[in-house]
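Enquirer: Here you go, this is run_28.pdb (PDB, C-alpha atoms and all ligand atoms).
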ATOM      1  CA  MET A 648       2.400  26.755 -24.693
ATOM      2  CA  THR A 649      -0.505  25.589 -22.569
ATOM      3  CA  LYS A 650      -0.671  24.967 -18.875
ATOM      4  CA  GLN A 651      -2.585  22.087 -17.446
ATOM      5  CA  GLU A 652      -3.508  21.031 -13.963
ATOM      6  CA  ILE A 653      -4.323  17.599 -12.677
ATOM      7  CA  THR A 654      -6.689  17.197  -9.765
ATOM      8  CA  ILE A 655      -6.524  14.100  -7.632
ATOM      9  CA  ALA A 656      -9.344  12.833  -5.474
ATOM     10  CA  PHE A 657      -8.959  11.074  -2.153
ATOM     11  CA  GLU A 658     -10.976  10.615   1.002
ATOM     12  CA  ASN A 659      -9.966  11.741   4.502
ATOM     13  CA  TYR A 660     -11.416  10.132   7.611
ATOM     14  CA  ASN A 661     -10.849  11.380  11.158
ATOM     15  CA  ASP A 662     -10.375   7.891  12.537
ATOM     16  CA  LEU A 663     -10.890   4.195  11.889
ATOM     17  CA  SER A 664     -14.475   4.142  13.197
ATOM     18  CA  GLU A 665     -15.640   6.209  10.184
ATOM     19  CA  LEU A 666     -14.635   3.446   7.714
ATOM     20  CA  GLU A 667     -16.757   0.590   6.339
ATOM     21  CA  LYS A 668     -16.420  -2.573   8.442
ATOM     22  CA  ASP A 669     -14.374  -4.458   5.787
ATOM     23  CA  ASP A 670     -11.907  -1.584   5.539
ATOM     24  CA  GLN A 671     -11.617  -1.352   9.330
ATOM     25  CA  ALA A 672     -10.853  -5.069   9.428
ATOM     26  CA  LEU A 673      -8.184  -4.689   6.710
ATOM     27  CA  CYS A 674      -6.507  -1.896   8.692
ATOM     28  CA  ARG A 675      -6.416  -4.190  11.728
ATOM     29  CA  GLU A 676      -4.794  -6.869   9.561
ATOM     30  CA  ALA A 677      -2.102  -4.333   8.603
ATOM     31  CA  VAL A 678      -1.522  -3.683  12.314
ATOM     32  CA  LYS A 679      -1.159  -7.439  12.965
ATOM     33  CA  ALA A 680       1.232  -7.702  10.023
ATOM     34  CA  MET A 681       3.673  -5.430  11.885
ATOM     35  CA  ASP A 682       4.251  -8.233  14.435
ATOM     36  CA  ASN A 683       6.525  -9.883  11.853
ATOM     37  CA  SER A 684       8.320  -6.707  10.777
ATOM     38  CA  HIS A 685      12.081  -7.225  10.803
ATOM     39  CA  SER A 686      13.265  -3.667  11.332
ATOM     40  CA  PRO A 687      16.214  -3.634  13.768
ATOM     41  CA  TYR A 688      17.982  -0.892  11.751
ATOM     42  CA  SER A 689      15.261   1.731  11.255
ATOM     43  CA  LYS A 690      13.119   0.622  14.244
ATOM     44  CA  PHE A 691      10.221   1.659  11.997
ATOM     45  CA  LYS A 692       7.639  -1.093  11.610
ATOM     46  CA  VAL A 693       5.398  -1.068   8.546
ATOM     47  CA  GLY A 694       2.451  -3.433   8.009
ATOM     48  CA  ALA A 695       0.477  -4.036   4.830
ATOM     49  CA  ALA A 696      -2.595  -6.161   4.201
ATOM     50  CA  LEU A 697      -4.186  -7.018   0.854
ATOM     51  CA  ARG A 698      -7.841  -7.991   0.508
ATOM     52  CA  LEU A 699      -8.395 -10.139  -2.575
ATOM     53  CA  HIS A 700     -11.594 -10.565  -4.588
ATOM     54  CA  SER A 701     -12.208 -13.942  -2.877
ATOM     55  CA  GLY A 702     -11.972 -12.275   0.539
ATOM     56  CA  LYS A 703      -8.554 -13.778   1.244
ATOM     57  CA  ILE A 704      -6.195 -11.545   3.231
ATOM     58  CA  ILE A 705      -2.439 -11.423   2.583
ATOM     59  CA  ARG A 706      -0.152  -9.734   5.105
ATOM     60  CA  GLY A 707       3.295  -8.258   4.561
ATOM     61  CA  SER A 708       5.762  -6.341   6.706
ATOM     62  CA  ASN A 709       9.059  -4.587   6.094
ATOM     63  CA  GLN A 710      12.041  -6.939   6.109
ATOM     64  CA  GLU A 711      15.353  -5.170   6.647
ATOM     65  CA  ASN A 712      18.891  -6.457   6.157
ATOM     66  CA  VAL A 713      22.319  -5.546   7.485
ATOM     67  CA  ALA A 714      23.164  -4.962   3.817
ATOM     68  CA  TYR A 715      20.584  -2.167   3.728
ATOM     69  CA  PRO A 716      19.502  -2.279   0.049
ATOM     70  CA  SER A 717      18.669  -5.980   0.390
ATOM     71  CA  GLY A 718      15.647  -5.172   2.565
ATOM     72  CA  LEU A 719      12.113  -4.750   1.263
ATOM     73  CA  CYS A 720       9.096  -2.601   2.152
ATOM     74  CA  ALA A 721       5.959  -4.074   3.684
ATOM     75  CA  GLU A 722       3.837  -3.315   0.619
ATOM     76  CA  ARG A 723       6.111  -5.148  -1.831
ATOM     77  CA  THR A 724       6.547  -8.070   0.569
ATOM     78  CA  ALA A 725       2.753  -8.544   0.463
ATOM     79  CA  LEU A 726       2.416  -7.744  -3.256
ATOM     80  CA  PHE A 727       5.123 -10.164  -4.414
ATOM     81  CA  HIS A 728       3.613 -12.884  -2.225
ATOM     82  CA  TRP A 729       0.345 -12.234  -4.061
ATOM     83  CA  GLY A 730       2.041 -12.302  -7.480
ATOM     84  CA  ALA A 731       3.825 -15.544  -6.651
ATOM     85  CA  ASN A 732       0.834 -17.354  -5.138
ATOM     86  CA  TYR A 733      -2.584 -15.840  -5.961
ATOM     87  CA  PRO A 734      -2.174 -13.927  -9.254
ATOM     88  CA  THR A 735      -5.673 -14.727 -10.534
ATOM     89  CA  ASP A 736      -7.469 -13.573  -7.364
ATOM     90  CA  ALA A 737      -7.597  -9.797  -7.950
ATOM     91  CA  ILE A 738      -6.383  -7.383  -5.270
ATOM     92  CA  GLU A 739      -9.251  -5.094  -4.276
ATOM     93  CA  SER A 740      -7.576  -3.066  -1.528
ATOM     94  CA  ILE A 741      -4.310  -2.636   0.324
ATOM     95  CA  ALA A 742      -4.116  -1.187   3.834
ATOM     96  CA  VAL A 743      -0.818   0.215   5.121
ATOM     97  CA  THR A 744       0.143   1.299   8.615
ATOM     98  CA  ALA A 745       3.304   2.036  10.577
ATOM     99  CA  HIS A 746       4.580   2.243  14.138
ATOM    100  CA  THR A 747       7.798   3.209  15.903
ATOM    101  CA  ASP A 748       8.651   3.580  19.566
ATOM    102  CA  GLU A 749      11.032   6.415  18.598
ATOM    103  CA  PHE A 750       8.429   9.134  17.857
ATOM    104  CA  MET A 751       4.701   9.717  17.361
ATOM    105  CA  ILE A 752       3.354   9.116  13.853
ATOM    106  CA  GLU A 753       0.596  11.671  13.368
ATOM    107  CA  GLN A 754      -0.275  11.250   9.683
ATOM    108  CA  PRO A 755      -0.820   8.198   7.458
ATOM    109  CA  VAL A 756       2.419   6.855   5.942
ATOM    110  CA  THR A 757       2.310   6.831   2.133
ATOM    111  CA  PRO A 758       3.941   4.081   0.015
ATOM    112  CA  CYS A 759       7.378   4.792  -1.487
ATOM    113  CA  GLY A 760       7.820   5.230  -5.241
ATOM    114  CA  SER A 761       9.013   1.667  -5.816
ATOM    115  CA  CYS A 762       5.960   0.230  -4.047
ATOM    116  CA  LEU A 763       3.695   2.513  -6.088
ATOM    117  CA  GLN A 764       5.373   1.286  -9.282
ATOM    118  CA  VAL A 765       4.710  -2.338  -8.282
ATOM    119  CA  LEU A 766       1.101  -1.514  -7.382
ATOM    120  CA  ALA A 767       0.715   0.111 -10.821
ATOM    121  CA  GLU A 768       2.137  -2.992 -12.535
ATOM    122  CA  TYR A 769      -0.355  -5.239 -10.766
ATOM    123  CA  GLU A 770      -3.276  -2.937 -11.536
ATOM    124  CA  LYS A 771      -2.347  -3.390 -15.213
ATOM    125  CA  LYS A 772      -1.878  -7.146 -14.790
ATOM    126  CA  GLN A 773      -5.282  -7.683 -13.160
ATOM    127  CA  ASN A 774      -6.980  -4.947 -15.213
ATOM    128  CA  SER A 775      -8.644  -3.325 -12.211
ATOM    129  CA  ARG A 776      -7.806  -0.633  -9.694
ATOM    130  CA  ILE A 777      -6.378  -1.214  -6.264
ATOM    131  CA  ARG A 778      -7.786   0.950  -3.449
ATOM    132  CA  VAL A 779      -5.105   2.186  -1.059
ATOM    133  CA  ILE A 780      -6.069   2.680   2.591
ATOM    134  CA  LEU A 781      -3.469   4.557   4.625
ATOM    135  CA  TYR A 782      -4.065   4.136   8.334
ATOM    136  CA  CYS A 783      -2.446   6.231  11.061
ATOM    137  CA  ILE A 784      -3.008   4.271  14.272
ATOM    138  CA  GLY A 785      -5.164   6.354  16.635
ATOM    139  CA  GLY A 786      -5.429   9.074  13.963
ATOM    140  CA  PRO A 787      -6.627   9.868  10.453
ATOM    141  CA  VAL A 788      -7.132   7.518   7.522
ATOM    142  CA  MET A 789      -6.828   8.341   3.805
ATOM    143  CA  ILE A 790      -8.383   6.290   1.002
ATOM    144  CA  ILE A 791      -7.108   6.679  -2.555
ATOM    145  CA  GLY A 792      -9.093   4.926  -5.293
ATOM    146  CA  GLY A 793      -6.212   3.820  -7.515
ATOM    147  CA  ILE A 794      -2.532   4.302  -8.322
ATOM    148  CA  GLU A 795      -3.153   6.842 -11.079
ATOM    149  CA  SER A 796      -3.923   9.343  -8.308
ATOM    150  CA  PHE A 797      -0.380   8.901  -6.961
ATOM    151  CA  LEU A 798       1.388   8.585 -10.325
ATOM    152  CA  PRO A 799      -0.541  10.420 -13.031
ATOM    153  CA  PHE A 800       2.533  10.349 -15.309
ATOM    154  CA  LEU A 801       3.243   6.672 -14.731
ATOM    155  CA  PHE A 802       5.597   5.153 -17.327
ATOM    156  CA  PHE A 803       3.537   3.097 -19.726
ATOM    157  CA  GLU A 804       4.161   2.016 -23.301
ATOM    158  CA  HIS A 805       1.572  -0.443 -24.494
ATOM    159  CA  ARG A 806       3.893  -1.966 -27.139
ATOM    160  CA  LEU A 807       6.117  -3.239 -24.319
ATOM    161  CA  SER A 808       3.231  -5.130 -22.719
ATOM    162  CA  VAL A 809       2.431  -8.739 -23.475
TER     163      VAL A 809
HETATM  164  N1  LIG B 901       9.053   1.205   4.453
HETATM  165  C1  LIG B 901       8.013   0.418   4.091
HETATM  166  O1  LIG B 901       7.913  -0.746   4.500
HETATM  167  N2  LIG B 901       7.081   0.941   3.238
HETATM  168  C2  LIG B 901       7.126   2.199   2.721
HETATM  169  O2  LIG B 901       6.301   2.545   1.907
HETATM  170  C3  LIG B 901       8.192   3.115   3.117
HETATM  171  C4  LIG B 901       9.238   2.567   4.006
HETATM  172  C5  LIG B 901      10.070   0.643   5.338
HETATM  173  C6  LIG B 901      11.423   0.445   4.717
HETATM  174  C7  LIG B 901      12.310   0.449   5.942
HETATM  175  O3  LIG B 901      12.333  -0.872   6.474
HETATM  176  C8  LIG B 901      11.601   1.360   6.916
HETATM  177  O4  LIG B 901      10.278   1.505   6.434
HETATM  178  C9  LIG B 901      12.236   2.734   7.064
HETATM  179  O5  LIG B 901      12.379   3.356   5.850
END
I'd like the structure from this file rewritten - as structure tokens, please.
Expert:
Amino acid sequence: MTKQEITIAFENYNDLSELEKDDQALCREAVKAMDNSHSPYSKFKVGAALRLHSGKIIRGSNQENVAYPSGLCAERTALFHWGANYPTDAIESIAVTAHTDEFMIEQPVTPCGSCLQVLAEYEKKQNSRIRVILYCIGGPVMIIGGIESFLPFLFFEHRLSV
């Protein structure tokens, strides 16, 4: 028997002003994306913004449904829009933010497992990493360099890939 440890690296910033200008702008796009959040059930708005290699920005927001499982997270709303419309323009970064009037959000919100799985799929598809910028409005920001840091034991079997 051997024991192993995996170390993951990520960056912590005290607030938005410490980020590069492009990353600050992407976080603001994620904030704007929340305007179109449809979240009457959770009252929890989530915004996501993708920056593509060309510089194009794609926004997504959570879209809920009275049949709860039919809703979709902000990240996948943006990611599937990318997959359906811009699949050859690689995703460089995704910024994610959240807001609710119900309580104070004091830490960055991290993507759910299903969104991470979709991010991992698209990293494989485009053969490059996707930086994840998690922005707590008025608070700290985390930057994670790729999905492997979230899912080091990601399911992958190369013989299933095309
Ligand atoms: N939500 C997201 O949009 N992204 C996440 O990564 C986690 C959760 C949404 C789903 C639902 O509309 C609301 O937040 C509350 O769970």
Enquirer: What's the 12 Å shell around region 662-672 of chain A, counting only C-alpha atoms, without same-chain residues fewer than 5 positions away, as a PyMOL selection string?
Expert: chain A and resi 677-679+696-699+702-704+739-744+753-755+778-790
Enquirer: Quick one: write out the picked residues with C-alpha atoms as a JSON list (two decimals), in the frame of the given file?
Expert:
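Now in selection_8.json:
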[["chain", "number", "residue", "atom", "x", "y", "z"],
["A", 677, "ALA", "CA", -2.10, -4.33, 8.60],
["A", 678, "VAL", "CA", -1.52, -3.68, 12.31],
["A", 679, "LYS", "CA", -1.16, -7.44, 12.96],
["A", 696, "ALA", "CA", -2.60, -6.16, 4.20],
["A", 697, "LEU", "CA", -4.19, -7.02, 0.85],
["A", 698, "ARG", "CA", -7.84, -7.99, 0.51],
["A", 699, "LEU", "CA", -8.40, -10.14, -2.58],
["A", 702, "GLY", "CA", -11.97, -12.28, 0.54],
["A", 703, "LYS", "CA", -8.55, -13.78, 1.24],
["A", 704, "ILE", "CA", -6.20, -11.54, 3.23],
["A", 739, "GLU", "CA", -9.25, -5.09, -4.28],
["A", 740, "SER", "CA", -7.58, -3.07, -1.53],
["A", 741, "ILE", "CA", -4.31, -2.64, 0.32],
["A", 742, "ALA", "CA", -4.12, -1.19, 3.83],
["A", 743, "VAL", "CA", -0.82, 0.22, 5.12],
["A", 744, "THR", "CA", 0.14, 1.30, 8.62],
["A", 753, "GLU", "CA", 0.60, 11.67, 13.37],
["A", 754, "GLN", "CA", -0.28, 11.25, 9.68],
["A", 755, "PRO", "CA", -0.82, 8.20, 7.46],
["A", 778, "ARG", "CA", -7.79, 0.95, -3.45],
["A", 779, "VAL", "CA", -5.11, 2.19, -1.06],
["A", 780, "ILE", "CA", -6.07, 2.68, 2.59],
["A", 781, "LEU", "CA", -3.47, 4.56, 4.62],
["A", 782, "TYR", "CA", -4.07, 4.14, 8.33],
["A", 783, "CYS", "CA", -2.45, 6.23, 11.06],
["A", 784, "ILE", "CA", -3.01, 4.27, 14.27],
["A", 785, "GLY", "CA", -5.16, 6.35, 16.64],
["A", 786, "GLY", "CA", -5.43, 9.07, 13.96],
["A", 787, "PRO", "CA", -6.63, 9.87, 10.45],
["A", 788, "VAL", "CA", -7.13, 7.52, 7.52],
["A", 789, "MET", "CA", -6.83, 8.34, 3.80],
["A", 790, "ILE", "CA", -8.38, 6.29, 1.00]]
Enquirer: Specify as a ChimeraX atom specification each residue included when the PyMOL selection byres (((not hetatm)) within 7 of (chain B and resi 901)) is applied to this file.
Expert: /A:686,689,691-693,708-711,718-722,757-759,762
Enquirer: I'd like the interatomic distance between CA of Val756 (chain A) and CA of Glu676 (chain A), to a tenth of an Å.
Expert: 15.9 Å
Enquirer: Closest to Phe750 (chain A) among A:Cys674, A:Lys690, A:Asn774, A:Asn712, using all atoms listed in the file?
Expert: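 Closest to Phe750 (chain A) of all the choices is A:Lys690.
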Enquirer: Distance CA of Gly760 (chain A)-CA of Phe800 (chain A), one decimal place?
Expert: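 So the two atoms, CA of Gly760 (chain A) and CA of Phe800 (chain A), lie 12.5 Å apart.
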Enquirer: Need the shell around Ser808 (chain A): protein/DNA/RNA residues with any atom at most 12 Å away, counting all atoms listed in the file. Skip same-chain ones fewer than 6 positions apart. Format as a count of residues only?
Expert: 4
Enquirer: Within 8 Å of (-0.5, 13.3, -3.3), only C-alpha atoms: residues as number ranges by chain?
Expert: A: 655, 796-797
Enquirer: So the first atom is CA of Ala731 (chain A) and the second is CA of His700 (chain A); what is the distance between them in Å, to one decimal place?
Expert: 16.3 Å
Enquirer: When the PyMOL selection byres (((chain A and resi 773) around 10) and not hetatm) is applied to the file above, which residues end up in the set, as a count of residues only?
Expert: 14
Enquirer: Of the residues A:Pro799, A:Gly792, A:His728, A:His805, which is the one nearest to Asn659 (chain A), using all atoms listed in the file?
Expert: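 So, comparing all the options, the nearest one is A:Gly792.
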Enquirer: Of the candidates A:Phe657, A:Met648, A:Tyr688, A:Leu763, which one gets nearest to Arg723 (chain A) if we count only C-alpha atoms?
Expert: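 Nearest to Arg723 (chain A): A:Leu763.
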Enquirer: Would you please work out which residue, of A:Thr649, A:Thr747, A:Leu801, A:Asn661, is nearest to Pro687 (chain A) when using only C-alpha atoms?
Expert: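 Of A:Thr649, A:Thr747, A:Leu801, A:Asn661, the one nearest Pro687 (chain A) is A:Thr747, counting only C-alpha atoms.
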Enquirer: Build an axis-aligned box that encloses every atom of region 793-796 of chain A listed in the file, pad it by 4 Å on each side, and report its centre and edge lengths in Å to one decimal, as AutoDock Vina command-line options.
Expert:
--center_x -4.4 --center_y 6.6 --center_z -9.3 --size_x 11.7 --size_y 13.5 --size_z 11.6
Enquirer: Taking into account only C-alpha atoms, which residue in the set A:Gly694, A:Pro716, A:Gly730, A:Gly793 is nearest to Glu658 (chain A)?
Expert: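 Comparing A:Gly694, A:Pro716, A:Gly730, A:Gly793 against Glu658 (chain A), the winner is A:Gly793.
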Enquirer: Name the closest residue to Ala695 (chain A) among the candidates A:Ser717, A:Gln764, A:Asn732, A:Thr724; distances are taken between atoms, counting all atoms listed in the file.
Expert: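 Nearest candidate to Ala695 (chain A) out of A:Ser717, A:Gln764, A:Asn732, A:Thr724: A:Thr724.
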